[in-house]
file coords12.pdb (PDB, C-alpha atoms)
MODEL        1
ATOM      1  CA  MET W1366       6.618 -10.791  18.194
ATOM      2  CA  PRO W1367       4.392  -8.649  16.012
ATOM      3  CA  GLN W1368       3.072 -10.468  12.992
ATOM      4  CA  ALA W1369       2.437  -9.537   9.376
ATOM      5  CA  TRP W1370      -0.050 -11.480   7.275
ATOM      6  CA  ASP W1371       0.657 -12.772   3.798
ATOM      7  CA  THR W1372      -1.840 -12.005   1.040
ATOM      8  CA  THR W1373      -3.837 -15.243   1.215
ATOM      9  CA  THR W1374      -4.395 -14.730   4.944
ATOM     10  CA  ALA W1375      -4.983 -10.969   4.687
ATOM     11  CA  ALA W1376      -7.515 -11.295   1.861
ATOM     12  CA  ARG W1377      -9.885 -13.158   4.208
ATOM     13  CA  LEU W1378     -10.301 -10.130   6.478
ATOM     14  CA  ARG W1379     -13.842  -8.808   6.109
ATOM     15  CA  PRO W1380     -16.622  -7.368   8.283
ATOM     16  CA  ASP W1381     -18.163  -9.720  10.864
ATOM     17  CA  SER W1382     -15.500 -12.368  10.355
ATOM     18  CA  PRO W1383     -13.466 -14.341  12.922
ATOM     19  CA  GLU W1384     -10.402 -12.820  11.270
ATOM     20  CA  LEU W1385     -11.679  -9.343  12.156
ATOM     21  CA  GLU W1386     -12.313 -10.453  15.729
ATOM     22  CA  TYR W1387      -8.730 -11.714  15.934
ATOM     23  CA  VAL W1388      -7.276  -8.542  14.416
ATOM     24  CA  THR W1389      -9.356  -6.364  16.746
ATOM     25  CA  GLY W1390      -8.205  -8.403  19.749
ATOM     26  CA  ARG W1391      -4.566  -7.873  18.842
ATOM     27  CA  TRP W1392      -5.174  -4.151  18.293
ATOM     28  CA  GLN W1393      -6.764  -3.881  21.737
ATOM     29  CA  LEU W1394      -3.668  -5.476  23.226
ATOM     30  CA  GLY W1395      -1.512  -2.843  21.512
ATOM     31  CA  ASP W1396      -0.049  -5.323  19.028
ATOM     32  CA  PRO W1397      -1.821  -4.651  15.729
ATOM     33  CA  VAL W1398      -1.483  -7.026  12.804
ATOM     34  CA  ALA W1399       0.396  -5.671   9.791
ATOM     35  CA  PHE W1400       0.018  -6.135   6.037
ATOM     36  CA  THR W1401       2.826  -5.310   3.657
ATOM     37  CA  ALA W1402       2.318  -2.647   0.995
ATOM     38  CA  SER W1403       2.727  -5.443  -1.575
ATOM     39  CA  THR W1404      -0.195  -7.315  -0.020
ATOM     40  CA  VAL W1405      -2.339  -4.181  -0.165
ATOM     41  CA  ASN W1406      -1.314  -3.889  -3.816
ATOM     42  CA  GLU W1407      -2.474  -7.453  -4.542
ATOM     43  CA  ILE W1408      -5.747  -7.088  -2.657
ATOM     44  CA  SER W1409      -6.503  -3.723  -4.251
ATOM     45  CA  PHE W1410      -5.796  -5.119  -7.716
ATOM     46  CA  GLY W1411      -8.172  -8.031  -7.230
ATOM     47  CA  LEU W1412     -10.966  -5.885  -5.853
ATOM     48  CA  HIS W1413     -10.599  -3.262  -8.590
ATOM     49  CA  LYS W1414     -10.513  -5.916 -11.267
ATOM     50  CA  ALA W1415     -13.718  -7.505  -9.974
ATOM     51  CA  ARG W1416     -15.730  -4.378 -10.930
ATOM     52  CA  ARG W1417     -18.545  -5.352  -8.574
ATOM     53  CA  PRO W1418     -20.238  -3.162  -5.949
ATOM     54  CA  ALA W1419     -19.433  -5.727  -3.253
ATOM     55  CA  ALA W1420     -15.742  -5.548  -4.155
ATOM     56  CA  ALA W1421     -15.805  -1.741  -4.058
ATOM     57  CA  ALA W1422     -17.503  -1.879  -0.637
ATOM     58  CA  GLN W1423     -14.862  -4.314   0.652
ATOM     59  CA  LEU W1424     -12.064  -2.024  -0.563
ATOM     60  CA  ARG W1425     -13.642   1.004   1.132
ATOM     61  CA  TRP W1426     -14.060  -0.990   4.331
ATOM     62  CA  LEU W1427     -10.444  -2.162   4.217
ATOM     63  CA  ARG W1428      -9.206   1.395   3.680
ATOM     64  CA  ASP W1429     -11.214   2.482   6.728
ATOM     65  CA  GLN W1430      -9.580  -0.210   8.875
ATOM     66  CA  VAL W1431      -6.122   0.910   7.778
ATOM     67  CA  ALA W1432      -6.993   4.585   8.359
ATOM     68  CA  ALA W1433      -8.313   3.749  11.840
ATOM     69  CA  GLY W1434      -5.022   2.051  12.720
ATOM     70  CA  LEU W1435      -6.508  -1.421  13.107
ATOM     71  CA  ILE W1436      -3.953  -2.688  10.595
ATOM     72  CA  ASP W1437      -0.438  -1.357  10.109
ATOM     73  CA  VAL W1438       0.890  -1.260   6.550
ATOM     74  CA  LEU W1439       4.621  -1.934   6.172
ATOM     75  CA  PRO W1440       6.182   0.024   3.299
ATOM     76  CA  PHE W1441       8.307  -1.588   0.610
ATOM     77  CA  GLU W1442      11.219   0.789   1.138
ATOM     78  CA  HIS W1443      14.892   0.830   0.138
ATOM     79  CA  ARG W1444      16.024  -1.914   2.523
ATOM     80  CA  ALA W1445      13.161  -4.228   1.579
ATOM     81  CA  ALA W1446      13.828  -3.555  -2.108
ATOM     82  CA  ASP W1447      17.525  -4.415  -1.659
ATOM     83  CA  VAL W1448      16.733  -7.648   0.204
ATOM     84  CA  ALA W1449      14.073  -8.617  -2.362
ATOM     85  CA  GLY W1450      16.597  -8.124  -5.163
ATOM     86  CA  ALA W1451      19.139 -10.332  -3.395
ATOM     87  CA  LEU W1452      16.467 -12.981  -2.830
ATOM     88  CA  ARG W1453      15.445 -13.011  -6.478
ATOM     89  CA  ALA W1454      19.067 -13.330  -7.581
ATOM     90  CA  ARG W1455      19.311 -16.461  -5.362
ATOM     91  CA  ILE W1456      15.926 -17.944  -6.233
ATOM     92  CA  PRO W1457      14.837 -16.399  -9.559
ATOM     93  CA  THR W1458      11.842 -18.657 -10.084
ATOM     94  CA  PRO W1459       9.330 -20.220  -7.734
ATOM     95  CA  PRO W1460       9.961 -23.785  -6.638
ATOM     96  CA  ALA W1461       7.750 -26.373  -8.334
ATOM     97  CA  ALA W1462       5.514 -26.622  -5.271
ATOM     98  CA  ALA W1463       4.821 -22.884  -5.380
ATOM     99  CA  LYS W1464       3.516 -23.062  -8.941
ATOM    100  CA  ARG W1465       0.150 -23.755  -7.413
ATOM    101  CA  SER W1466      -1.996 -24.076 -10.465
ATOM    102  CA  LYS W1467      -1.125 -25.680 -13.775
ATOM    103  CA  ARG W1468      -3.628 -23.300 -15.324
ATOM    104  CA  ARG W1469      -1.675 -20.294 -14.086
ATOM    105  CA  PRO W1470       0.274 -18.732 -16.969
ATOM    106  CA  LYS W1471       4.041 -18.529 -16.639
ATOM    107  CA  ALA W1472       4.043 -14.724 -16.487
ATOM    108  CA  GLU W1473       1.470 -14.786 -13.692
ATOM    109  CA  SER W1474       3.545 -17.289 -11.728
ATOM    110  CA  ARG W1475       6.525 -15.012 -12.092
ATOM    111  CA  VAL W1476       4.622 -11.955 -10.823
ATOM    112  CA  ALA W1477       3.262 -13.975  -7.890
ATOM    113  CA  TRP W1478       6.775 -15.084  -7.033
ATOM    114  CA  ILE W1479       8.143 -11.530  -7.162
ATOM    115  CA  MET W1480       5.324 -10.384  -4.885
ATOM    116  CA  ASP W1481       6.085 -13.212  -2.446
ATOM    117  CA  LEU W1482       9.745 -12.196  -2.369
ATOM    118  CA  GLN W1483       8.747  -8.572  -1.756
ATOM    119  CA  ILE W1484       6.407  -9.563   1.060
ATOM    120  CA  SER W1485       9.026 -11.674   2.843
ATOM    121  CA  ALA W1486      11.704  -9.006   2.376
ATOM    122  CA  THR W1487       9.404  -6.292   3.743
ATOM    123  CA  VAL W1488       8.415  -8.340   6.784
ATOM    124  CA  PHE W1489      12.080  -9.220   7.387
ATOM    125  CA  VAL W1490      13.438  -5.667   7.350
ATOM    126  CA  HIS W1491      10.622  -4.329   9.539
ATOM    127  CA  GLY W1492      11.394  -6.893  12.257
ATOM    128  CA  TYR W1493       8.101  -8.830  12.079
ATOM    129  CA  ASP W1494       7.194 -12.521  11.858
ATOM    130  CA  LEU W1495       5.180 -13.707   8.846
ATOM    131  CA  LEU W1496       1.839 -15.445   9.137
ATOM    132  CA  SER W1497       1.459 -17.687   6.102
ATOM    133  CA  ALA W1498       0.181 -21.119   5.189
ATOM    134  CA  ASP W1499       2.233 -21.191   1.970
ATOM    135  CA  ALA W1500       5.175 -23.577   2.150
ATOM    136  CA  HIS W1501       7.362 -21.552  -0.205
ATOM    137  CA  HIS W1502       7.664 -18.740   2.351
ATOM    138  CA  SER W1503       9.736 -21.192   4.415
ATOM    139  CA  LEU W1504      12.087 -21.579   1.462
ATOM    140  CA  ILE W1505      12.372 -17.787   1.238
ATOM    141  CA  ALA W1506      13.053 -17.620   4.990
ATOM    142  CA  THR W1507      15.795 -20.248   4.645
ATOM    143  CA  THR W1508      17.353 -18.243   1.813
ATOM    144  CA  LEU W1509      17.204 -15.112   3.968
ATOM    145  CA  SER W1510      19.077 -16.978   6.693
ATOM    146  CA  ALA W1511      21.756 -17.856   4.127
ATOM    147  CA  LEU W1512      21.961 -14.227   2.970
ATOM    148  CA  ALA W1513      22.164 -12.895   6.530
ATOM    149  CA  PRO W1514      23.345 -15.781   8.727
ATOM    150  CA  THR W1515      23.714 -13.721  11.888
ATOM    151  CA  ALA W1516      20.309 -12.027  11.590
ATOM    152  CA  PRO W1517      17.343 -12.963  13.765
ATOM    153  CA  ALA W1518      15.553 -15.410  11.455
ATOM    154  CA  LEU W1519      12.287 -14.634   9.689
ATOM    155  CA  LEU W1520       9.796 -16.825  11.516
ATOM    156  CA  ILE W1521       6.910 -18.230   9.509
ATOM    157  CA  GLN W1522       3.830 -18.931  11.611
ATOM    158  CA  ALA W1523       0.797 -20.869  10.474
ATOM    159  CA  PRO W1524      -2.386 -18.770  10.525
ATOM    160  CA  PRO W1525      -4.727 -19.514  13.420
ATOM    161  CA  GLN W1526      -7.671 -21.810  12.670
ATOM    162  CA  PHE W1527     -10.636 -19.456  12.428
TER     163      PHE W1527
ATOM    164  CA  MET O1386     -24.304  18.744  61.082
ATOM    165  CA  GLU O1387     -27.853  18.960  59.853
ATOM    166  CA  VAL O1388     -29.482  15.828  58.505
ATOM    167  CA  GLY O1389     -29.899  17.426  55.078
ATOM    168  CA  ALA O1390     -26.219  18.343  54.898
ATOM    169  CA  THR O1391     -25.171  14.853  55.994
ATOM    170  CA  ALA O1392     -27.313  13.311  53.273
ATOM    171  CA  LYS O1393     -25.778  15.680  50.743
ATOM    172  CA  VAL O1394     -22.247  14.660  51.783
ATOM    173  CA  ALA O1395     -23.257  10.983  51.643
ATOM    174  CA  ARG O1396     -24.636  11.364  48.117
ATOM    175  CA  LYS O1397     -21.504  13.201  47.045
ATOM    176  CA  THR O1398     -19.287  10.452  48.493
ATOM    177  CA  ALA O1399     -21.335   7.769  46.781
ATOM    178  CA  ARG O1400     -20.963   9.545  43.436
ATOM    179  CA  ARG O1401     -17.208  10.037  43.753
ATOM    180  CA  GLN O1402     -15.324   7.699  41.500
ATOM    181  CA  ARG O1403     -12.436   5.764  42.915
ATOM    182  CA  ALA O1404      -9.472   4.559  40.912
ATOM    183  CA  PRO O1405      -8.472   0.906  41.179
ATOM    184  CA  ARG O1406      -6.020   0.331  44.017
ATOM    185  CA  ARG O1407      -2.453   0.107  42.752
ATOM    186  CA  THR O1408       0.833  -0.568  44.430
ATOM    187  CA  GLY O1409       3.936   1.432  43.553
ATOM    188  CA  GLN O1410       5.356   4.894  43.957
ATOM    189  CA  ARG O1411       3.104   7.628  45.283
ATOM    190  CA  VAL O1412       4.024  10.820  43.487
ATOM    191  CA  GLN O1413       2.796  14.368  43.322
ATOM    192  CA  LEU O1414       2.514  15.825  39.836
ATOM    193  CA  THR O1415       1.764  19.189  38.367
ATOM    194  CA  VAL O1416      -0.459  18.486  35.396
ATOM    195  CA  PRO O1417      -1.125  21.326  32.924
ATOM    196  CA  GLU O1418      -4.669  22.676  33.230
ATOM    197  CA  ASP O1419      -5.770  21.800  29.699
ATOM    198  CA  MET O1420      -4.391  18.273  30.035
ATOM    199  CA  TRP O1421      -6.207  17.823  33.332
ATOM    200  CA  ARG O1422      -9.492  19.007  31.797
ATOM    201  CA  GLU O1423      -9.074  16.444  29.026
ATOM    202  CA  LEU O1424      -8.231  13.693  31.505
ATOM    203  CA  ALA O1425     -11.238  14.640  33.636
ATOM    204  CA  GLY O1426     -13.481  14.515  30.569
ATOM    205  CA  ILE O1427     -12.291  11.017  29.663
ATOM    206  CA  ALA O1428     -12.612   9.945  33.298
ATOM    207  CA  ARG O1429     -16.256  11.107  33.433
ATOM    208  CA  ALA O1430     -17.007   9.272  30.195
ATOM    209  CA  VAL O1431     -15.550   5.966  31.345
ATOM    210  CA  GLY O1432     -16.526   6.240  35.003
ATOM    211  CA  THR O1433     -13.164   6.530  36.705
ATOM    212  CA  THR O1434     -10.810   9.192  38.033
ATOM    213  CA  PRO O1435      -8.444  11.497  36.121
ATOM    214  CA  ASN O1436      -5.525   9.896  37.989
ATOM    215  CA  ASP O1437      -6.577   6.473  36.742
ATOM    216  CA  VAL O1438      -6.881   7.755  33.165
ATOM    217  CA  LEU O1439      -3.408   9.287  33.447
ATOM    218  CA  VAL O1440      -1.888   5.993  34.610
ATOM    219  CA  ARG O1441      -3.719   4.002  31.927
ATOM    220  CA  ILE O1442      -2.571   6.344  29.138
ATOM    221  CA  ALA O1443       1.017   6.243  30.409
ATOM    222  CA  SER O1444       0.825   2.457  30.604
ATOM    223  CA  GLU O1445      -0.431   2.152  27.010
ATOM    224  CA  ARG O1446       2.207   4.552  25.757
ATOM    225  CA  LEU O1447       4.968   2.632  27.539
ATOM    226  CA  ARG O1448       3.689  -0.641  26.028
ATOM    227  CA  ASP O1449       3.744   0.937  22.545
ATOM    228  CA  ARG O1450       7.274   2.202  23.116
ATOM    229  CA  ARG O1451       8.472  -1.227  24.239
ATOM    230  CA  ARG O1452       6.929  -2.828  21.144
ATOM    231  CA  ALA O1453       8.369  -0.213  18.785
ATOM    232  CA  SER O1454      11.769  -0.507  20.403
ATOM    233  CA  ALA O1455      11.812  -4.333  20.112
ATOM    234  CA  LEU O1456      10.739  -4.094  16.467
ATOM    235  CA  ARG O1457      13.366  -1.468  15.671
ATOM    236  CA  LYS O1458      16.066  -3.559  17.368
ATOM    237  CA  ARG O1459      15.175  -6.680  15.392
ATOM    238  CA  ALA O1460      14.777  -4.712  12.144
ATOM    239  CA  ASP O1461      18.222  -3.137  12.613
ATOM    240  CA  GLU O1462      19.846  -6.462  13.516
ATOM    241  CA  ARG O1463      18.397  -8.060  10.394
ATOM    242  CA  TRP O1464      19.387  -5.209   8.128
ATOM    243  CA  LEU O1465      22.922  -4.912   9.508
ATOM    244  CA  ALA O1466      23.398  -8.670   9.182
ATOM    245  CA  PHE O1467      22.167  -8.555   5.588
ATOM    246  CA  ALA O1468      24.093  -5.436   4.556
ATOM    247  CA  GLY O1469      27.232  -6.667   6.321
ATOM    248  CA  THR O1470      27.323 -10.092   4.700
ATOM    249  CA  SER O1471      25.415  -9.718   1.452
ATOM    250  CA  SER O1472      27.683  -9.523  -1.527
ATOM    251  CA  THR O1473      27.130  -9.578  -5.247
ATOM    252  CA  GLU O1474      30.251 -11.710  -5.568
ATOM    253  CA  SER O1475      30.318 -15.483  -5.507
ATOM    254  CA  ALA O1476      30.548 -17.148  -2.125
ATOM    255  CA  ASN O1477      33.472 -19.155  -3.505
ATOM    256  CA  GLY O1478      35.593 -16.053  -3.791
ATOM    257  CA  GLY O1479      37.951 -16.944  -0.942
ATOM    258  CA  THR O1480      38.848 -14.817   2.074
ATOM    259  CA  ALA O1481      37.432 -11.402   2.848
ATOM    260  CA  LYS O1482      40.896  -9.919   2.292
ATOM    261  CA  ARG O1483      41.083 -11.418  -1.195
ATOM    262  CA  ALA O1484      37.557 -10.234  -1.944
ATOM    263  CA  ARG O1485      38.486  -6.688  -0.905
ATOM    264  CA  ALA O1486      41.600  -6.774  -3.081
ATOM    265  CA  LYS O1487      39.537  -8.087  -5.982
ATOM    266  CA  ARG O1488      37.036  -5.240  -5.520
ATOM    267  CA  ALA O1489      39.845  -2.659  -5.436
ATOM    268  CA  ARG O1490      41.245  -3.967  -8.741
ATOM    269  CA  ALA O1491      37.857  -4.229 -10.433
ATOM    270  CA  LYS O1492      37.192  -1.899 -13.331
ATOM    271  CA  PRO O1493      33.997   0.139 -12.761
ATOM    272  CA  LEU O1494      31.004  -0.989 -14.816
ATOM    273  CA  SER O1495      30.016   1.151 -17.750
ATOM    274  CA  ALA O1496      26.639   2.875 -17.907
ATOM    275  CA  GLU O1497      25.521   0.450 -20.625
ATOM    276  CA  GLU O1498      26.488  -2.542 -18.480
ATOM    277  CA  LEU O1499      24.575  -1.110 -15.509
ATOM    278  CA  VAL O1500      21.450  -0.571 -17.606
ATOM    279  CA  GLU O1501      21.768  -4.100 -18.965
ATOM    280  CA  LEU O1502      22.039  -5.508 -15.438
ATOM    281  CA  SER O1503      18.973  -3.605 -14.264
ATOM    282  CA  ARG O1504      17.046  -4.971 -17.259
ATOM    283  CA  ALA O1505      17.899  -8.486 -16.153
ATOM    284  CA  PHE O1506      15.195  -8.135 -13.492
ATOM    285  CA  ARG O1507      12.508  -8.037 -16.181
ATOM    286  CA  ALA O1508      14.150 -10.625 -18.405
ATOM    287  CA  GLU O1509      14.973 -13.215 -15.753
ATOM    288  CA  ASP O1510      12.984 -16.407 -15.737
TER     289      ASP O1510
ENDMDL
END

call {"tool": "encode", "arguments": {"input": "coords12.pdb", "output": "structure tokens"}}
result
Amino acid sequence: MPQAWDTTTAARLRPDSPELEYVTGRWQLGDPVAFTASTVNEISFGLHKARRPAAAAQLRWLRDQVAAGLIDVLPFEHRAADVAGALRARIPTPPAAAKRSKRRPKAESRVAWIMDLQISATVFVHGYDLLSADAHHSLIATTLSALAPTAPALLIQAPPQF
Amino acid sequence: MEVGATAKVARKTARRQRAPRRTGQRVQLTVPEDMWRELAGIARAVGTTPNDVLVRIASERLRDRRRASALRKRADERWLAFAGTSSTESANGGTAKRARAKRARAKPLSAEELVELSRAFRAED
């Protein structure tokens, strides 16, 4: 099935990279990779915050790839928002394993968790599988299965080794 | 036929592009003039025939439709399963009939309560 990339995977996409080769290959086969709008939000934030010419160039390049249709962007629309709300009510805070860095402030952990819930919810309602190396997405997928037991499950795939 | 004319025909034949051989239905189509011109232009650029371009474009479009249809089907199944089973009530609430009766008896929330609940999103930790 079509796959959407989580932010950690998507952020690695850059010119002349094996990731780009992979994405281009899928596009040529008529099965383009997708990012969620929340992932674009996270990537854009990081690149804007960097305030470096190389970051600005990367953002322009990424916009061009989206405009050319190489990457589909899945919107965070009403169904995704509803599912994300239900997920957060079930799992309000990230599991201990998802609090990746002890240096990360509590508020930052909370934002990261909300973004992860939004990403999973978006991928779920658009019918995609999620490509992610983060273990906590499996927990979110399990919670989704509890929320919608008869639904086709959200499959979490490990990113290919580039 | 003169030698010159034969050579001309031979050159013309050599230049003529041939589409890859396919098996399937042989059909006769009426293609709008402007569409045919566009197909012929693409065919010249990629070194094939307008018929081949037409089949390739149809094939790609059909593949896209199949993908979109499979995605839509799975998206709808997921959403319907979520919307059909998701409830803001506790899972320990008993039968569906009792839950419906409970909902019917429930007093609507006030505007203040609704605002408070929406604020919980920002306060939750």

call {"tool": "resolve_selection", "arguments": {"input": "coords12.pdb", "expression": "the ChimeraX specification (/W :<9) & /O", "output": "list in words"}}
result
Glu1445, Arg1448, Asp1449, Arg1452, Ala1455, Leu1456, Arg1457, Lys1458, Arg1459, Ala1460, Asp1461, Glu1462, Arg1463, Trp1464, Leu1465, Ala1466, Phe1467, Ala1468, Gly1469, Thr1470, Ser1471, Ser1472, Thr1473, Phe1506, Glu1509 and Asp1510 of chain O

call {"tool": "write_last_selection", "arguments": {"input": "coords12.pdb", "atoms": "C-alpha atoms", "output": "short mmCIF file (atom, residue, chain, number, x, y, z; two decimals), in the frame of the given file"}}
result
data_model
loop_
_atom_site.label_atom_id
_atom_site.label_comp_id
_atom_site.auth_asym_id
_atom_site.auth_seq_id
_atom_site.Cartn_x
_atom_site.Cartn_y
_atom_site.Cartn_z
CA GLU O 1445 -0.43 2.15 27.01
CA ARG O 1448 3.69 -0.64 26.03
CA ASP O 1449 3.74 0.94 22.54
CA ARG O 1452 6.93 -2.83 21.14
CA ALA O 1455 11.81 -4.33 20.11
CA LEU O 1456 10.74 -4.09 16.47
CA ARG O 1457 13.37 -1.47 15.67
CA LYS O 1458 16.07 -3.56 17.37
CA ARG O 1459 15.18 -6.68 15.39
CA ALA O 1460 14.78 -4.71 12.14
CA ASP O 1461 18.22 -3.14 12.61
CA GLU O 1462 19.85 -6.46 13.52
CA ARG O 1463 18.40 -8.06 10.39
CA TRP O 1464 19.39 -5.21 8.13
CA LEU O 1465 22.92 -4.91 9.51
CA ALA O 1466 23.40 -8.67 9.18
CA PHE O 1467 22.17 -8.56 5.59
CA ALA O 1468 24.09 -5.44 4.56
CA GLY O 1469 27.23 -6.67 6.32
CA THR O 1470 27.32 -10.09 4.70
CA SER O 1471 25.42 -9.72 1.45
CA SER O 1472 27.68 -9.52 -1.53
CA THR O 1473 27.13 -9.58 -5.25
CA PHE O 1506 15.20 -8.14 -13.49
CA GLU O 1509 14.97 -13.22 -15.75
CA ASP O 1510 12.98 -16.41 -15.74
#

call {"tool": "atom_distance", "arguments": {"input": "coords12.pdb", "atom1": "CA of Val1476 (chain W)", "atom2": "CA of Thr1404 (chain W)"}}
result
12.7 Å

call {"tool": "atom_distance", "arguments": {"input": "coords12.pdb", "atom1": "CA of Ser1503 (chain W)", "atom2": "CA of Asp1481 (chain W)"}}
result
11.1 Å

call {"tool": "resolve_selection", "arguments": {"input": "coords12.pdb", "expression": "the PyMOL selection byres ((chain W and resi 1483) around 8)", "output": "VMD selection string"}}
result
chain W and resid 1403 1441 1445 to 1446 1449 1479 to 1482 1484 to 1487

call {"tool": "residues_around", "arguments": {"input": "coords12.pdb", "residues": "region 1408-1421 of chain O", "least_positions_apart": "4", "cutoff": "10 Å", "atoms": "only C-alpha atoms", "output": "VMD selection string"}}
result
chain O and resid 1425 to 1427 1435 to 1436 1439

call {"tool": "closest_residue", "arguments": {"input": "coords12.pdb", "among": "W:Arg1391, W:Leu1452, W:Pro1524, W:Gln1423", "to": "Asp1499 (chain W)", "atoms": "only C-alpha atoms"}}
result
W:Pro1524

call {"tool": "axis_aligned_box", "arguments": {"input": "coords12.pdb", "around": "region 1400-1414 of chain O", "padding_each_side": "3 Å", "output": "lines of an AutoDock Vina configuration file"}}
result
center_x = -7.8
center_y = 7.6
center_z = 42.6
size_x = 32.3
size_y = 22.4
size_z = 11.4

call {"tool": "closest_residue", "arguments": {"input": "coords12.pdb", "among": "W:Ser1474, W:Ser1497, W:Gln1430, W:Gln1393", "to": "Thr1374 (chain W)", "atoms": "only C-alpha atoms"}}
result
W:Ser1497

call {"tool": "atom_distance", "arguments": {"input": "coords12.pdb", "atom1": "CA of Leu1439 (chain W)", "atom2": "CA of Arg1469 (chain W)"}}
result
28.1 Å

call {"tool": "resolve_selection", "arguments": {"input": "coords12.pdb", "expression": "the PyMOL selection byres ((chain W and resi 1436) around 7)", "output": "list in words"}}
result
Pro1397, Val1398, Ala1399, Phe1400, Gln1430, Val1431, Gly1434, Leu1435, Asp1437 and Val1438 of chain W

call {"tool": "write_last_selection", "arguments": {"input": "coords12.pdb", "atoms": "C-alpha atoms", "output": "compact mmCIF listing (two decimals), keeping the file's coordinate frame"}}
result
# COMPACT_ATOMS: atom_id res chain seq x y z
CA PRO W 1397 -1.82 -4.65 15.73
CA VAL W 1398 -1.48 -7.03 12.80
CA ALA W 1399 0.40 -5.67 9.79
CA PHE W 1400 0.02 -6.14 6.04
CA GLN W 1430 -9.58 -0.21 8.88
CA VAL W 1431 -6.12 0.91 7.78
CA GLY W 1434 -5.02 2.05 12.72
CA LEU W 1435 -6.51 -1.42 13.11
CA ASP W 1437 -0.44 -1.36 10.11
CA VAL W 1438 0.89 -1.26 6.55

call {"tool": "residues_around", "arguments": {"input": "coords12.pdb", "residues": "Phe1410 (chain W)", "least_positions_apart": "3", "cutoff": "12 Å", "atoms": "all atoms listed in the file", "output": "list in words"}}
result
Thr1372, Ala1376, Ser1403, Thr1404, Val1405, Asn1406, Glu1407, His1413, Lys1414, Ala1415, Arg1416, Ala1420, Ala1421 and Leu1424 of chain W

call {"tool": "residues_around", "arguments": {"input": "coords12.pdb", "residues": "Glu1384 (chain W)", "least_positions_apart": "6", "cutoff": "8 Å", "atoms": "all atoms listed in the file", "output": "JSON, numbers by chain"}}
result
{"W": [1377, 1378, 1527]}
